[in-house]
Structure formats: structure tokens, C-alpha cells
file my_file-v4.cif (mmCIF, C-alpha atoms)
data_entry
#
loop_
_atom_site.label_atom_id
_atom_site.label_comp_id
_atom_site.auth_asym_id
_atom_site.auth_seq_id
_atom_site.Cartn_x
_atom_site.Cartn_y
_atom_site.Cartn_z
CA HIS A 20 113.55 132.70 156.97
CA LEU A 21 114.88 134.70 154.09
CA LYS A 22 113.59 133.54 150.73
CA ASP A 23 114.77 134.40 147.27
CA ASP A 24 111.82 136.75 146.98
CA GLN A 25 111.72 139.50 144.40
CA SER A 26 108.97 141.59 145.91
CA THR A 27 109.18 145.23 144.97
CA HIS A 28 107.81 146.28 148.32
CA ASP A 29 110.56 144.86 150.48
CA THR A 30 113.01 147.71 150.35
CA SER A 31 115.66 146.16 152.57
CA LYS A 32 115.85 143.32 150.11
CA LEU A 33 116.30 145.86 147.33
CA ASN A 34 119.34 147.31 149.06
CA LEU A 35 120.84 143.86 149.21
CA ILE A 36 119.99 143.30 145.55
CA LEU A 37 121.84 146.51 144.70
CA PHE A 38 124.86 145.19 146.54
CA THR A 39 124.76 141.75 144.96
CA LEU A 40 124.26 143.10 141.46
CA THR A 41 127.11 145.55 141.95
CA TYR A 42 129.26 142.74 143.28
CA GLY A 43 128.42 140.67 140.22
CA ALA A 44 129.42 143.52 137.92
CA LEU A 45 132.69 143.84 139.83
CA VAL A 46 133.54 140.15 139.53
CA THR A 47 132.74 140.28 135.82
CA GLN A 48 135.06 143.27 135.43
CA LEU A 49 137.84 141.55 137.36
CA CYS A 50 137.52 138.47 135.17
CA LYS A 51 138.04 140.73 132.19
CA ASP A 52 141.01 142.48 133.75
CA TYR A 53 142.89 139.44 135.00
CA GLU A 54 143.98 136.40 133.10
CA ASN A 55 143.19 133.71 135.58
CA ASP A 56 140.81 132.85 138.39
CA GLU A 57 143.57 132.72 140.99
CA GLU A 58 144.40 136.36 140.37
CA VAL A 59 140.72 137.34 140.56
CA ASN A 60 140.39 135.43 143.83
CA LYS A 61 143.38 137.33 145.19
CA GLN A 62 141.96 140.69 144.15
CA LEU A 63 138.61 139.90 145.70
CA ASP A 64 140.32 138.95 148.94
CA LYS A 65 142.38 142.15 148.93
CA MET A 66 139.37 144.33 148.24
CA GLY A 67 137.43 142.51 150.91
CA TYR A 68 140.24 143.14 153.36
CA ASN A 69 140.16 146.88 152.58
CA ILE A 70 136.43 146.91 153.17
CA GLY A 71 136.68 144.82 156.33
CA VAL A 72 139.12 147.11 158.10
CA ARG A 73 136.58 149.93 157.75
CA LEU A 74 133.40 147.91 158.09
CA ILE A 75 134.36 146.81 161.60
CA GLU A 76 133.96 150.39 162.83
CA ASP A 77 130.51 150.56 161.30
CA PHE A 78 129.65 147.22 162.86
CA LEU A 79 130.84 148.17 166.33
CA ALA A 80 128.93 151.43 166.11
CA ARG A 81 125.69 149.74 165.10
CA SER A 82 125.72 146.69 167.29
CA SER A 83 126.23 146.89 171.00
CA VAL A 84 128.54 143.92 171.26
CA GLY A 85 131.39 144.32 173.67
CA ARG A 86 134.76 142.64 173.54
CA CYS A 87 134.45 138.91 172.87
CA GLN A 88 135.84 136.70 175.61
CA ASP A 89 136.93 133.91 173.32
CA PHE A 90 136.85 132.61 169.79
CA ARG A 91 133.53 130.87 170.35
CA GLU A 92 131.92 134.14 171.23
CA THR A 93 133.51 135.72 168.18
CA ALA A 94 132.01 133.00 166.02
CA ASP A 95 128.54 133.61 167.45
CA VAL A 96 128.78 137.35 166.96
CA ILE A 97 129.91 136.91 163.38
CA ALA A 98 127.10 134.49 162.55
CA LYS A 99 124.21 135.90 164.56
CA VAL A 100 124.92 139.61 164.54
CA ALA A 101 127.22 140.57 161.68
CA PHE A 102 125.92 138.31 158.95
CA LYS A 103 122.36 139.09 159.97
CA MET A 104 123.00 142.80 159.98
CA TYR A 105 124.71 143.07 156.63
CA LEU A 106 123.49 140.14 154.58
CA GLY A 107 120.22 139.25 156.27
CA ILE A 108 121.20 135.63 156.88
CA THR A 109 122.31 133.70 159.95
CA PRO A 110 124.81 131.00 159.09
CA SER A 111 125.19 128.17 161.55
CA VAL A 112 128.42 127.70 163.46
CA THR A 113 129.65 124.11 163.40
CA ASN A 114 132.61 121.78 163.00
CA TRP A 115 134.69 123.13 165.84
CA SER A 116 138.22 121.80 165.99
CA PRO A 117 139.13 120.03 169.27
CA ALA A 118 141.42 122.92 170.15
CA GLY A 119 138.57 125.38 169.65
CA ASP A 120 140.58 127.45 167.20
CA GLU A 121 138.78 126.57 164.03
CA PHE A 122 135.11 126.47 163.00
CA SER A 123 132.83 126.53 160.01
CA LEU A 124 130.09 128.91 159.04
CA ILE A 125 127.47 127.05 157.05
CA LEU A 126 125.38 129.22 154.76
CA GLU A 127 122.23 127.48 153.57
CA SER A 128 121.90 130.23 151.02
CA ASN A 129 124.38 132.82 149.89
CA PRO A 130 122.74 136.10 148.91
CA LEU A 131 125.76 137.10 146.85
CA VAL A 132 125.06 134.37 144.34
CA ASP A 133 121.33 134.83 143.96
CA PHE A 134 121.43 135.68 140.28
CA VAL A 135 124.73 134.09 139.41
CA GLU A 136 125.90 131.14 137.39
CA LEU A 137 129.55 130.43 136.90
CA PRO A 138 130.51 130.04 133.26
CA ASP A 139 132.42 126.84 132.43
CA ASN A 140 135.79 128.48 132.03
CA HIS A 141 135.85 129.76 135.61
CA SER A 142 135.77 126.57 137.60
CA THR A 143 138.39 127.75 140.09
CA LEU A 144 136.86 131.15 140.70
CA VAL A 145 135.88 131.65 144.30
CA TYR A 146 133.07 134.03 143.49
CA SER A 147 132.35 135.18 147.03
CA ASN A 148 135.97 135.52 148.06
CA LEU A 149 135.37 139.13 149.04
CA LEU A 150 133.70 137.78 152.18
CA CYS A 151 136.91 136.07 153.28
CA GLY A 152 138.83 139.30 152.97
CA VAL A 153 136.14 141.25 154.82
CA LEU A 154 136.21 138.84 157.77
CA ARG A 155 139.98 138.78 157.85
CA GLY A 156 140.28 142.59 157.71
CA ALA A 157 137.57 143.21 160.25
CA LEU A 158 139.00 140.76 162.78
CA GLU A 159 142.50 142.12 162.33
CA MET A 160 141.20 145.46 163.56
CA VAL A 161 140.09 143.78 166.77
CA GLN A 162 143.45 142.17 167.28
CA MET A 163 142.76 138.76 165.79
CA ALA A 164 144.79 137.26 162.96
CA VAL A 165 142.63 134.69 161.22
CA ASP A 166 142.70 132.58 158.14
CA VAL A 167 139.43 132.47 156.22
CA LYS A 168 138.54 130.41 153.22
CA PHE A 169 135.68 128.71 151.46
CA ALA A 170 135.54 124.98 152.11
CA GLN A 171 132.35 124.42 150.13
CA ASP A 172 130.71 126.59 147.51
CA SER A 173 127.14 126.18 146.30
CA LEU A 174 128.11 127.89 143.06
CA ARG A 175 130.53 125.10 142.34
CA GLY A 176 128.08 122.32 142.97
CA ASP A 177 128.21 121.80 146.72
CA ASN A 178 124.96 121.58 148.68
CA VAL A 179 125.88 124.37 151.01
CA THR A 180 128.41 127.14 151.24
CA GLU A 181 130.93 126.64 154.01
CA ILE A 182 133.39 129.22 155.23
CA ARG A 183 136.18 127.85 157.37
CA MET A 184 137.73 130.24 159.91
CA LYS A 185 140.93 129.52 161.78
CA PHE A 186 142.36 131.58 164.60
CA ILE A 187 146.06 132.16 164.02
CA LYS A 188 147.11 134.44 166.82
CA ARG A 189 146.30 137.49 168.86
CA ILE A 190 147.77 140.68 167.43
CA GLU A 191 149.36 142.77 170.13
CA GLU A 192 148.23 146.36 170.07
CA ASN A 193 151.13 148.65 169.28
CA LEU A 194 151.66 151.04 172.10
CA PRO A 195 153.33 154.35 171.32
CA ALA A 196 156.96 154.53 172.48
CA GLY A 197 157.23 155.72 176.03
CA ASP A 198 154.14 154.00 177.39
CA GLU A 199 154.61 151.40 180.05
CA MET B 21 119.49 145.49 158.14
CA ALA B 22 122.23 148.02 157.61
CA ASP B 23 120.74 149.56 154.48
CA ASP B 24 123.18 150.42 151.77
CA VAL B 25 126.31 150.50 153.90
CA LEU B 26 127.73 147.42 152.22
CA PHE B 27 127.01 148.94 148.84
CA GLU B 28 128.71 152.20 149.79
CA PHE B 29 131.81 150.42 151.06
CA LEU B 30 131.93 148.24 147.98
CA HIS B 31 131.50 151.24 145.70
CA MET B 32 134.38 153.10 147.38
CA GLU B 33 136.61 150.09 147.04
CA MET B 34 135.61 149.50 143.42
CA VAL B 35 136.48 153.07 142.43
CA SER B 36 139.75 152.89 144.29
CA HIS B 37 140.63 149.56 142.71
CA ILE B 38 139.80 150.55 139.15
CA TYR B 39 141.95 153.66 139.40
CA LYS B 40 144.85 151.89 141.06
CA GLU B 41 144.84 149.25 138.36
CA GLN B 42 144.79 151.75 135.53
CA ALA B 43 147.50 153.83 137.17
CA SER B 44 149.77 150.83 137.28
CA ARG B 45 149.28 150.27 133.58
CA GLY B 46 150.35 153.55 132.12
CA GLU B 47 149.27 156.94 130.86
CA MET B 48 146.94 158.55 133.34
CA ASP B 49 144.93 160.84 131.11
CA LYS B 50 143.76 158.25 128.68
CA ASP B 51 143.13 155.92 131.54
CA ARG B 52 140.98 158.33 133.43
CA ALA B 53 138.44 158.14 130.65
CA THR B 54 138.71 154.37 130.60
CA CYS B 55 138.09 154.20 134.33
CA VAL B 56 135.06 156.41 134.09
CA SER B 57 133.60 154.42 131.26
CA ALA B 58 134.33 151.09 132.97
CA LEU B 59 132.51 152.28 136.08
CA GLU B 60 129.69 153.79 134.06
CA GLY B 61 129.31 150.59 132.08
CA MET B 62 129.09 148.51 135.24
CA GLY B 63 126.50 150.89 136.64
CA PHE B 64 124.50 150.68 133.44
CA ARG B 65 124.12 146.90 133.58
CA VAL B 66 123.30 146.96 137.27
CA GLY B 67 120.78 149.78 136.76
CA GLN B 68 118.98 147.69 134.17
CA GLY B 69 118.91 144.65 136.42
CA LEU B 70 117.76 146.66 139.39
CA ILE B 71 114.86 148.30 137.59
CA GLU B 72 113.73 144.94 136.28
CA ARG B 73 113.27 143.70 139.82
CA PHE B 74 112.02 146.97 141.14
CA THR B 75 109.14 147.61 138.80
CA LYS B 76 107.90 144.09 138.15
CA ASP B 77 104.61 144.64 139.96
CA SER B 78 104.23 148.36 139.46
CA PRO B 79 101.80 149.88 136.98
CA SER B 80 103.37 151.37 133.87
CA PHE B 81 104.24 155.04 133.71
CA LYS B 82 102.18 157.61 131.84
CA ASP B 83 105.02 159.67 130.41
CA ASP B 84 108.66 160.64 130.72
CA LEU B 85 108.00 163.08 133.54
CA ASP B 86 106.26 160.34 135.46
CA ILE B 87 109.30 158.13 135.02
CA MET B 88 111.64 160.90 136.15
CA LYS B 89 109.56 161.48 139.27
CA PHE B 90 109.79 157.80 140.03
CA ILE B 91 113.55 157.96 139.64
CA CYS B 92 113.69 161.00 141.91
CA LYS B 93 111.63 159.37 144.62
CA ASP B 94 111.34 155.61 144.82
CA PHE B 95 114.49 154.79 142.91
CA TRP B 96 116.68 157.36 144.63
CA ILE B 97 115.39 156.41 148.09
CA ASN B 98 116.15 152.77 147.52
CA VAL B 99 119.53 153.28 145.94
CA PHE B 100 120.84 156.45 147.58
CA ARG B 101 118.89 156.48 150.83
CA LYS B 102 116.97 159.69 150.20
CA GLN B 103 114.92 161.46 147.57
CA ILE B 104 116.22 163.88 145.02
CA ASP B 105 115.93 167.36 146.47
CA ASN B 106 115.15 169.24 143.29
CA LEU B 107 114.04 168.25 139.81
CA ARG B 108 114.10 170.72 136.95
CA THR B 109 113.26 170.25 133.30
CA ASN B 110 113.06 172.32 130.19
CA HIS B 111 110.17 170.12 129.05
CA GLN B 112 112.21 169.36 125.97
CA GLY B 113 113.95 166.23 127.12
CA THR B 114 116.49 167.58 129.57
CA TYR B 115 116.19 166.96 133.30
CA VAL B 116 118.43 168.09 136.11
CA LEU B 117 118.27 166.14 139.35
CA GLN B 118 119.81 167.76 142.36
CA ASP B 119 120.85 165.78 145.40
CA ASN B 120 122.09 168.05 148.18
CA LYS B 121 123.77 165.33 150.15
CA PHE B 122 124.72 162.56 147.76
CA SER B 123 125.29 159.38 149.72
CA LEU B 124 128.32 158.27 147.74
CA LEU B 125 130.07 161.61 148.28
CA THR B 126 129.48 162.04 151.99
CA GLN B 127 132.35 159.72 152.88
CA LEU B 128 134.71 162.04 151.04
CA SER B 129 136.05 165.20 152.59
CA SER B 130 134.51 168.46 151.41
CA GLY B 131 137.93 169.96 150.95
CA LYS B 132 138.79 171.55 147.62
CA GLN B 133 141.46 168.99 146.83
CA TYR B 134 138.80 166.34 146.50
CA LEU B 135 136.82 168.26 143.92
CA GLU B 136 139.03 166.84 141.23
CA GLU B 137 138.49 163.33 142.55
CA ALA B 138 134.74 163.58 142.84
CA PRO B 139 133.82 162.64 139.25
CA LYS B 140 135.26 159.16 139.83
CA TYR B 141 132.64 158.68 142.50
CA LEU B 142 129.80 159.72 140.23
CA ALA B 143 130.50 157.57 137.20
CA TYR B 144 128.93 154.40 138.53
CA SER B 145 125.80 156.25 139.63
CA CYS B 146 125.43 157.89 136.22
CA GLY B 147 125.47 154.41 134.78
CA LEU B 148 122.88 153.23 137.29
CA VAL B 149 120.51 156.00 136.28
CA ARG B 150 121.16 155.51 132.56
CA GLY B 151 120.59 151.77 132.88
CA ALA B 152 117.41 152.20 134.87
CA LEU B 153 116.01 154.69 132.37
CA SER B 154 117.06 152.55 129.45
CA ASN B 155 114.99 149.66 130.79
CA LEU B 156 112.06 151.99 131.25
CA GLY B 157 112.23 152.91 127.59
CA MET B 158 114.15 156.14 127.89
CA ASP B 159 117.48 156.23 126.05
CA CYS B 160 119.52 159.03 127.44
CA VAL B 161 122.88 160.41 128.32
CA VAL B 162 123.53 160.95 132.03
CA THR B 163 126.27 163.16 133.36
CA ALA B 164 126.91 164.51 136.83
CA GLU B 165 128.83 167.25 138.50
CA VAL B 166 129.59 168.19 142.07
CA SER B 167 127.93 171.40 143.10
CA PRO B 168 129.55 171.78 145.73
CA MET B 169 130.42 168.75 147.87
CA PRO B 170 128.54 166.78 148.96
CA SER B 171 125.74 167.94 146.72
CA CYS B 172 125.64 167.08 143.06
CA LYS B 173 123.54 167.50 139.96
CA PHE B 174 122.72 164.72 137.55
CA GLN B 175 121.80 165.81 134.06
CA VAL B 176 119.64 163.50 132.00
CA VAL B 177 119.29 164.25 128.31
CA ILE B 178 116.87 162.08 126.39
CA GLN B 179 118.21 160.97 123.06
CA LYS B 180 115.83 161.54 120.21
CA ILE B 181 116.26 158.93 117.52
#
call {"tool": "encode", "arguments": {"input": "my_file-v4.cif", "output": "C-alpha cells"}}
result
Amino acid sequence: HLKDDQSTHDTSKLNLILFTLTYGALVTQLCKDYENDEEVNKQLDKMGYNIGVRLIEDFLARSSVGRCQDFRETADVIAKVAFKMYLGITPSVTNWSPAGDEFSLILESNPLVDFVELPDNHSTLVYSNLLCGVLRGALEMVQMAVDVKFAQDSLRGDNVTEIRMKFIKRIEENLPAGDE
Amino acid sequence: MADDVLFEFLHMEMVSHIYKEQASRGEMDKDRATCVSALEGMGFRVGQGLIERFTKDSPSFKDDLDIMKFICKDFWINVFRKQIDNLRTNHQGTYVLQDNKFSLLTQLSSGKQYLEEAPKYLAYSCGLVRGALSNLGMDCVVTAEVSPMPSCKFQVVIQKI
């Protein structure tokens, strides 16, 4: 169980702290550069997407997961392997839609916001929106178009952080002209 | 956990974003300096925050050289995945830290055309070091240069009041 521990001896935690502090500095910079929260949210999503399309390669190289058979398996891999690997947490997968094309990731704690408080004039800022872009970009590289957004945000007063993921469609791989 | 990979990806994207934004706003030359100082400034604040958490339980340092050795070892290992390969000093407040395979440069090609681009990828790190040292009581100026890719030298010059 990962605690908000600031031990100087736990070096893997320090790497994560470096990431979260850097992320915080980035969000602060974006808030300076853009006039409104909506624009910042968009930028975070775009940057996340750019990271995601490259991160997937790193993920596939590090983990030994094969091709997922269905969206449920994808959800499990995201929660139990990917989140654990990169952020040290294992969100729970819940709230499946009857059609099985939509689910929630519930994060009891969000490492990105460990040292963060939203100032009053940023009530519509989705601070961790980078994560949505990362998931979207990464899955696009494995032929899945998904919609990802925050349904609950602990930074904005909710008890937990909830990321809602919806499967849109399978992206057909583009075959070079001439192949059968 | 996948140490530092997230940070490296984020750093790449940050640099790319800051330069794209400035490019879309006008004159490149003036903006290059703005980009560098924006990145350096971000690094500075993060460096301060990082050191605060890093050295909470550690004993205090005996002198500047002791601090620099800490930066070259513990700090560098935790932030850049390896130690500094070579530390030189003139014993008069200038230190040169050489990293032969700087983690934030290894993703870039070693081709000559990237030499011009490399400083963008060093600005944030200069800030990190300056911020860390500032919190340890050392006010200094930190600059860096590629020598050659992917190795680089960080120069730390302590500011005498």
C-alpha cells in the first residue's frame, strides 16, 4: 500500500516525486501561458497524447503482456500493470457499462496531486488531464480509439479520483498499398 | 517501477511544447532566450522542492565540496539515473561536472544537426541543479554545454556576495 511517505531512502519514490514536481511546474507554466482553464486542459491532453504514443512502446518492451483479447483485459492491464509500473498505484476497475464498452478506474490516491492545492480561480482546471491524453495516445497505437476523461477529481473535492474510459472503435491498421 | 522514464518523456514533451508555443508567437531569437529561462526557472523551483524532500533526514554537509560530491552522486543518481563521471574544481568556487551519457540527451540523435538543439534539453536540468544548490545554501550560476553528444558538462560558479 503506497503511502504519502517522504522517506529519503526510498529512491523509487524520489523518481516519482521528480515527475510530480516537474508536472506541477508545467501546469503552473501553462496556467501562466493560457488565459483559461479549458485551454490548459486541452494542452495537457495534447501533451499527454504525444507522450502516450511513445510511452506505449516503452510499456510493451518492459511488460510481457501480449495482445489483449477484449476491453476487459485491456482495463486490467491498464490498472494492474501500467499504472503500477509508472505511477506505483493500482486503481480498481469498476462501473462497467452493460455493453462492456465503458469502465471506471478508481484511484484512491493520485500521486500527481501529492503536493498540490488548486487555487480558487482555477475551479475548472483538470489538473491531471495529462493522464487522459497518455491513455488515449497509448491505446491508439494499439488500434483502439477511446475516450478518456475524469469523472471525479479529489483535487476538486471528490472523495476519490475517477477516470472514465469508453471504447469508441477499433482502428484498422493501414496496410501499404499492394498488400492483400 | 520504471524509474525516471515518465520524467524523461515529460521533459521531452515540455521542451517541445515551450518551443512550439514561442515559435507561434513571433521572433525566434528573442524567444529562444525566453524558452531557456522559462525552462530553467521551472527546473529551479523543482530542484528546491526536490532537495527539501531528499535531504530531510540526512546530516548536514561540512563544506561546499561535500555538497558538490553529494550532487554528483546521490542527487545525480536519483535524478539522472547515474553518477557524474568527472568532477573538477579550481577550489575557488567553480566546479565542472561531466556526465558522459546524460540521460536527457540520449533520446536525441548524436548527429551534428542536433547540436544546435541540445541546449534546449539542458536548460531545465541547469535549473534543477541551481535550485538544489540554492536550498543547500549555495547561490550559484549553472550553465551546461554538450561535449559531444550525449555527454555534457555542467559548470557551477558560486556567487560571492
call {"tool": "closest_residue", "arguments": {"input": "my_file-v4.cif", "among": "A:Ser82, A:Leu149, A:Gln48, A:Ser128", "to": "B:Leu30", "atoms": "all atoms listed in the file"}}
result
A:Leu149
call {"tool": "resolve_selection", "arguments": {"input": "my_file-v4.cif", "expression": "the PyMOL selection byres ((chain B) within 9 of (chain A))", "output": "VMD selection string"}}
result
chain B and resid 21 to 34 37 58 62 to 63 65 to 67 69 to 70 73 to 78 98 to 99
call {"tool": "residues_around", "arguments": {"input": "my_file-v4.cif", "residues": "stretch 134-138 of chain A", "least_positions_apart": "3", "cutoff": "10 Å", "atoms": "only C-alpha atoms", "output": "list in words"}}
result
Asp23, Ile36, Thr39, Leu40, Gly43, Pro130, Leu131, His141, Ser142, Thr143, Leu144, Val145, Tyr146, Leu174 and Arg175 of chain A
call {"tool": "atom_distance", "arguments": {"input": "my_file-v4.cif", "atom1": "atom CA of B:Phe100", "atom2": "atom CA of B:Phe122"}}
result
7.2 Å
call {"tool": "residues_near_point", "arguments": {"input": "my_file-v4.cif", "point": "(139.7, 128.0, 164.6)", "cutoff": "7 Å", "atoms": "all atoms listed in the file", "output": "PyMOL selection string"}}
result
chain A and resi 116+119-122+184-186
